[in-house]
Structures are given as structure tokens and as C-alpha cells.
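Asks: Please see the structure below; I have some questions.
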Amino acid sequence: MSENNNQPKGKPVSLPPRAAKPAGPPKMPPSTGKKPSGPPGVTLPPGKKTAKSGVTRKDFVSDQDIRWCPGCGDYAILATVQRLMPELNVPRENTVFISGIGCSSRFPYYMNTYGMHSIHGRAPAIATGLKASRPELDVWIVTGDGDSLSIGGNHLIHLLRRNVNVQLLLFNNQIYGLTKGQYSPTSEIGKVTKSTPYGSLDHPFNPASVALGADATFVARSMDRDPKHLKEVLKASHTHVGASFVEIYQNCNIFNDGAFFDFTEKESKPRRALLCEHGKPLTFDNDKKGLRLDGYRFEAIDLEGDWSIDDCLIYDETNRGLAGAITRIFFDEALPQPFGIFYREERPNYDRQLHDQIDYVLSKRGEGSLADLLHQGDTWVIEE
């Protein structure tokens with residue numbers, strides 16, 4: 001359709017003056033020919049061989065050239081996942097990575113497993129179909145904040161409410177990176193981008209709260225610059241039987257550099273990041289401060305003053321109400337940002353129930369046939 005099809009005839013419309021073009025992204029450093037293993041400042045643990053599988057990270061590294069910007073947080077996430085794979089003792093031929101569209105969604109190319117780079121926002125739907133037909137496969141979904149929380153929002157919430165037995169990793173960088181820096185559903189209010197030159201008016205999604213609202217049975221958050229914590233969370237998500245939702249704060253050093261540095265960098269992390277652990281008190285700032293519940297709201301307390309660690313709340317990852325409260329701590333300057341496993345519950349998963357239902361129907365009605373199916377009920381013949 002022509003751009004002018006909807007323009008009224010007659011006097012031309014007076015348009016406001018064009019906004020100044022936002023400053024472009026910084027230029028990327030020249031390529032050294034060496035693939036970065038992670039963003040600056042991140043030390044990744046060496047891959048290890050497991051006794052059962054006899055494989056290492058190298059077995060899960062594909063021969064594809066990685067096409068992420070140098071310094072992107074995706075490198076650290078990829079390396080962490082590749083290091084985790086041998087410890088899960090799942091054969092590569094039974095492992096599948098499915099993605100949608102975006103920088104994060106190039107992930108399947110870089111894993112030496114089966115995989116599919118699908119279409120915008122539809123990775124949860126495709127993964128659901130795969131698990132419905134092949135429930136024995138170990139299926140991972142890799143998506144981004146733009147991919148899964150805009151056009152893919154409905155697919156995401158239905159995957160979670162159905163409790164399909166997959167692991168979903170949502171890379172959140174609060175920006176559209178692949179399409180060159182537009183604001184995303186998680187961008188903060190006032191975000192100036194190419195698509196919001198005067199600042200975004202949209203209230204951002206809180207991904208962890210969205211997942212809880214969809215009745216997800218496993219909800220967690222980690223970060224690209226803490227590979228040890230990320231690996232522990234991903235391992236726990238894989239152990240969980242059902243839909244596992246893991247939000248990962250991922251730095252886009254080209255279009256949104258430093259969005260999460262308060263929580264990931266060495267100097268500020270102790271004061272600004274709260275690690276939630278089941279059965280342990282909520283403390284931060286090297287145990288100098290803690291969190292207590294004041295009614296339904298969290299309050300930061302000084303453990304070097306009038307409060308003690310006994311006044312801190314003991315976290316319970318099986319308490320949905322508590323998970324709802326902890327995830328509502330959302331970029332609050334007075335409180336640290338929470339990371340860890342927020343909620344976990346055991347609930348029958350969709351793919352298992354589906355096949356149990358099919359087995360039940362077969363036991364009652366037998367195999368049947370396609371011909372019988374086509375000719376059952378009201379049928380008619382059209383004659384000339």
C-alpha cells in the first residue's frame with residue numbers, strides 16, 4: 001500500500017518540525033578475529049568433563065561464526081549455557097534450542113544441538129508443539145524482551161499457564177538491539193530512542209511479575225555478568241518439571257550500555273543487588289543491611305544499628321504471595337534489586353497430561369482410523 005493512500009485531498013497537512021535525530025550508537029572497535037567469550041570484567045569458569053557423559057563445553061560449541069557485537073552480554077550467557085550442558089547429562093541429539101527474532105534469537109546457531117530460529121514472538125508456540133509431539137526432548141527457548149513481551153506476549157503467558165515442560169530464557173536488555181535501538185516493552189519511562197525522540201511514555205513490563213501473573217511454576221532472575229549465579233539458576237530451572245522462566249539482565253553495550261551496571265558491577269553490586277536464597281535471611285551490602293516486611297511492603301534495615309539479622313525475613317521460594325512482593329521491588333532506589341529463584345511449585349505439566357489423556361482415550365476407544373474419522377457424524381455428497 002502506498003504511504004499516501006490515506007492522505008486527504010486538498011490543502012496539505014501542516015506537520016510539526018522534525019525532532020533532532022538522536023545521537024547514533026558508538027562505533028564498534030575493529031575486529032581482532034578472536035571470538036569474545038564474554039563482556040569485559042567477567043571471569044568464566046573452565047568447562048569440566050562429567051563422569052556420566054564424558055563430554056565438555058566444546059561438544060556443545062557449533063562451527064558457526066558468532067555475529068554479536070564485541071562486548072555483548074550474550075557471549076557470557078552463551079558460554080555459561082555451553083558449560084552447563086555437559087553437567088545435565090542429556091544427549092545432544094535430545095536437546096533442542098528454539099528462538100524467535102532478535103539478537104538473543106541467534107542462539108540456536110551457536111549450540112551444537114538441534115534447534116530452530118523461528119519467527120517473531122512465536123518460539124513458545126513452536127516449543128509447545130514440539131513438546132506435545134516429542135515430550136522426551138529437552139527443549140530450551142531463548143528470547144528477548146522485545147520478542148516475547150511485545151508480539152509474543154500472548155504466546156509467553158499461555159506457555160507458562162499451561163506449564164509446558166521447557167526452560168525459557170528471556171534476555172532483557174531494555175532495548176530493541178537487532179533493529180538498531182528502538183525502545184522495548186521493558187524500557188524505562190522517559191527513554192529517548194530513535195522511536196521515542198521525546199522520551200517513552202510507556203510504563204515498562206516487569207517480566208518476573210508477568211510470569212507470576214501467568215501462574216508460572218518456576219520464576220527466577222539472574223544476570224550476564226555473574227556466570228556462577230546464572231549457571232546455578234539455569235541448573236535449577238532444568239531440574240524443575242514444568243515451565244521454567246528465567247529473566248537474565250543482559251547488557252547491550254551498543255544501544256543501552258550500562259542499563260544494569262548498578263546491579264552487576266563490583267563496586268555497586270553489594271549495595272544494589274539482593275540475592276534471594278530459599279531458607280536464608282534477606283541480606284545485602286555484605287550483610288550490613290537486610291530486608292524485613294512492614295505489612296505488605298519491604299523495608300531496608302541497618303544491621304549495624306538497631307536491627308539484627310534475626311529481624312530479616314527468611315525467604316521461602318514456595319510462597320507465591322512472597323514471590324509477588326519480592327518481584328514488585330522494581331528499580332526502587334530505596335531497595336536493592338532482587339535476583340535468584342523467586343518462586344517454585346510442583347504442578348502437573350501440560351505435555352505429560354496430554355499424553356496421559358491420549359493413552360486414556362486409546363484404551364477406551366482403540367486406535368481408530370483416518371477413514372472412520374472423515375466419515376463420522378454428518379456427511380454429505382455433492383453430485384452434479
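Identifiers in the C-alpha cells: chain A, B, ... in order shown; residue index from 1 per chain; ligand index from 1 in order shown.
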Which polymer residues have any atom within 10 Å of an atom of region 286-297 of chain A, counting only C-alpha atoms, with same-chain residues fewer than 3 positions away left out, as a list in words?

Replies: Lys269, Pro270, Arg271, Leu274, Pro281, Leu282, Thr283, Ala300, Ile301, Asp302, Leu303, Glu304, Gly305, Trp307, Ser308, Ile309, Asp310, Asp311, Cys312, Leu313, Ile314, Gly321, Leu322, Ala325, Ile326, Arg328, Ile329, Leu335 and Pro336 of chain A

Asks: Deliver the residues from the most recent selection as a file, using C-alpha atoms, as a JSON list (two decimals), in the first residue's frame.

Replies:
[["chain", "number", "residue", "atom", "x", "y", "z"],
["A", 269, "LYS", "CA", 26.62, -4.77, 43.25],
["A", 270, "PRO", "CA", 26.83, -5.48, 47.02],
["A", 271, "ARG", "CA", 24.67, -2.42, 47.80],
["A", 274, "LEU", "CA", 19.83, -8.75, 46.64],
["A", 281, "PRO", "CA", 17.60, -14.30, 55.57],
["A", 282, "LEU", "CA", 17.38, -11.49, 53.02],
["A", 283, "THR", "CA", 20.60, -9.53, 53.46],
["A", 300, "ALA", "CA", 15.58, -1.96, 54.24],
["A", 301, "ILE", "CA", 17.09, -2.14, 57.73],
["A", 302, "ASP", "CA", 20.59, -1.36, 59.03],
["A", 303, "LEU", "CA", 22.09, -4.47, 60.65],
["A", 304, "GLU", "CA", 24.91, -2.42, 62.15],
["A", 305, "GLY", "CA", 22.42, -0.24, 64.01],
["A", 307, "TRP", "CA", 18.41, -4.17, 63.87],
["A", 308, "SER", "CA", 19.89, -7.67, 63.75],
["A", 309, "ILE", "CA", 19.86, -10.49, 61.23],
["A", 310, "ASP", "CA", 17.04, -12.06, 63.27],
["A", 311, "ASP", "CA", 14.83, -9.18, 62.12],
["A", 312, "CYS", "CA", 15.37, -10.06, 58.45],
["A", 313, "LEU", "CA", 12.78, -12.02, 56.53],
["A", 314, "ILE", "CA", 13.66, -15.66, 55.81],
["A", 321, "GLY", "CA", 2.49, -14.22, 47.87],
["A", 322, "LEU", "CA", 6.05, -13.56, 48.99],
["A", 325, "ALA", "CA", 6.03, -8.98, 46.85],
["A", 326, "ILE", "CA", 9.74, -9.54, 46.09],
["A", 328, "ARG", "CA", 7.43, -5.89, 42.87],
["A", 329, "ILE", "CA", 10.73, -4.44, 44.03],
["A", 335, "LEU", "CA", 15.68, -1.05, 47.93],
["A", 336, "PRO", "CA", 18.09, -3.47, 46.24]]

Asks: What are the closest atom pairs, with distances in Å to one decimal, for all residues of region 212-278 of chain A lying within 10 Å of region 81-85 of chain A? Consider only C-alpha atoms, order rows by chain and residue number, and present the result as CSV.

Replies:
residue,atom,partner,partner_atom,distance
A:Pro227,CA,A:Val81,CA,9.3
A:Leu230,CA,A:Val81,CA,8.9
A:Lys231,CA,A:Leu84,CA,6.6
A:Glu232,CA,A:Leu84,CA,9.0
A:Leu234,CA,A:Val81,CA,8.0
A:Lys235,CA,A:Leu84,CA,7.3

Asks: Tell me which of A:Asn112, A:Gly213, A:Arg161, A:Gly73 sits closest to Thr264 (chain A), counting only C-alpha atoms.

Replies: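 Closest to Thr264 (chain A) of all the choices is A:Gly73.
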
Asks: Would you mind telling me which residue in A:His155, A:Arg344, A:Lys280, A:His203 lies nearest to Pro185 (chain A) when using only C-alpha atoms?

Replies: A:His203

Asks: Using only C-alpha atoms for the distances, tell me which of A:Thr95, A:Ser105, A:Ser195, A:Ser268 is nearest to Phe284 (chain A).

Replies: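 The closest residue to Phe284 (chain A) is A:Ser268.
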
Asks: When you count only C-alpha atoms, which of these residues is closest to Ser244 (chain A): A:Ser133, A:Asn89, A:Asn165, A:Gln174?

Replies: A:Asn165

Asks: Go ahead and compute the interatomic distance for CA of Asn349 (chain A) and CA of Phe330 (chain A), in Å to one decimal.

Replies: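 So the two atoms, CA of Asn349 (chain A) and CA of Phe330 (chain A), lie 29.5 Å apart.
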
Asks: When you count only C-alpha atoms, which of these residues is closest to Gly153 (chain A): A:Ala132, A:Glu346, A:Cys276, A:Pro207?

Replies: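 Ranking A:Ala132, A:Glu346, A:Cys276, A:Pro207 by distance to Gly153 (chain A), first place goes to A:Pro207.
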
Asks: Any chance you could list, as a list in words, the residues in region 226-294 of chain A that come up helix (DSSP H, G or I) when DSSP is run on the backbone?

Replies: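 Result set for region 226-294 of chain A (helix (DSSP H, G or I)): Pro227, Lys228, His229, Leu230, Lys231, Glu232, Val233, Leu234, Lys235, Ala236, Ser237, His238, Thr239, Phe261, Asp262, Phe263, Thr264, Lys269, Pro270, Arg271 and Arg272 of chain A.
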
Asks: With a distance cut-off of 7 Å and only C-alpha atoms, select the neighbouring residues of Ser222 (chain A), excluding the residue or stretch itself and same-chain residues fewer than 5 positions from it, and output the selection as a ChimeraX atom specification.

Replies: /A:229-230,247-249,339-340

Asks: So how far away is CA of Thr327 (chain A) from CA of Leu212 (chain A), in Å?

Replies: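 A separation of 8.9 Å between them.
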
Asks: Quick one: residues within 10 Å of region 352-354 of chain A, only C-alpha atoms counted, chain neighbours fewer than 3 positions away excluded, as a PyMOL selection string?

Replies: chain A and resi 131-133+135-136+164-165+242+348-349+357-360

Asks: Region 312-346 of chain A: which residues are strand (DSSP E) by DSSP, as an mmCIF file with C-alpha atoms, in the first residue's frame?

Replies:
data_model
loop_
_atom_site.group_PDB
_atom_site.id
_atom_site.type_symbol
_atom_site.label_atom_id
_atom_site.label_comp_id
_atom_site.auth_asym_id
_atom_site.auth_seq_id
_atom_site.Cartn_x
_atom_site.Cartn_y
_atom_site.Cartn_z
ATOM 1 C CA GLN A 337 17.032 -5.285 43.072
ATOM 2 C CA PRO A 338 16.286 -8.991 43.777
ATOM 3 C CA PHE A 339 17.928 -11.914 41.958
ATOM 4 C CA GLY A 340 17.583 -15.659 42.395
ATOM 5 C CA ILE A 341 14.725 -18.149 42.377
ATOM 6 C CA PHE A 342 11.611 -16.200 43.321
ATOM 7 C CA TYR A 343 9.041 -18.984 43.087
ATOM 8 C CA ARG A 344 8.869 -22.715 42.544
#

Asks: A:Leu178, A:Val210, A:Ile119, A:Leu130: which is nearest Leu149 (chain A), counting only C-alpha atoms?

Replies: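 Ranking A:Leu178, A:Val210, A:Ile119, A:Leu130 by distance to Leu149 (chain A), first place goes to A:Val210.
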
Asks: By how many Å are CA of Tyr350 (chain A) and CA of Ala371 (chain A) apart?

Replies: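 Interatomic distance, CA of Tyr350 (chain A) to CA of Ala371 (chain A): 29.1 Å.
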
Asks: Write out as a VMD selection string which residues come within 9 Å of Tyr109 (chain A) when counting only C-alpha atoms, dropping same-chain ones fewer than 6 positions away.

Replies: chain A and resid 62 to 66 115 to 117

Asks: Write out the residues from the selection above, keeping N, CA and C atoms, as a compact mmCIF listing (two decimals), in the first residue's frame.

Replies:
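Result written to out-v4.txt:
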# COMPACT_ATOMS: atom_id res chain seq x y z
N SER A 62 29.11 -24.88 18.36
CA SER A 62 28.94 -25.12 16.92
C SER A 62 30.09 -24.49 16.14
N ASP A 63 30.12 -24.74 14.83
CA ASP A 63 31.18 -24.19 13.98
C ASP A 63 30.78 -22.86 13.34
N GLN A 64 29.67 -22.26 13.81
CA GLN A 64 29.18 -21.02 13.22
C GLN A 64 29.90 -19.80 13.81
N ASP A 65 30.20 -18.82 12.95
CA ASP A 65 30.77 -17.56 13.42
C ASP A 65 29.72 -16.81 14.23
N ILE A 66 30.12 -16.36 15.41
CA ILE A 66 29.19 -15.65 16.28
C ILE A 66 29.04 -14.21 15.80
N GLY A 115 18.01 -27.35 16.77
CA GLY A 115 17.48 -26.04 17.10
C GLY A 115 16.69 -25.45 15.96
N MET A 116 16.04 -24.33 16.26
CA MET A 116 15.23 -23.65 15.25
C MET A 116 15.19 -22.16 15.55
N HIS A 117 15.59 -21.36 14.56
CA HIS A 117 15.44 -19.90 14.63
C HIS A 117 14.09 -19.62 13.99
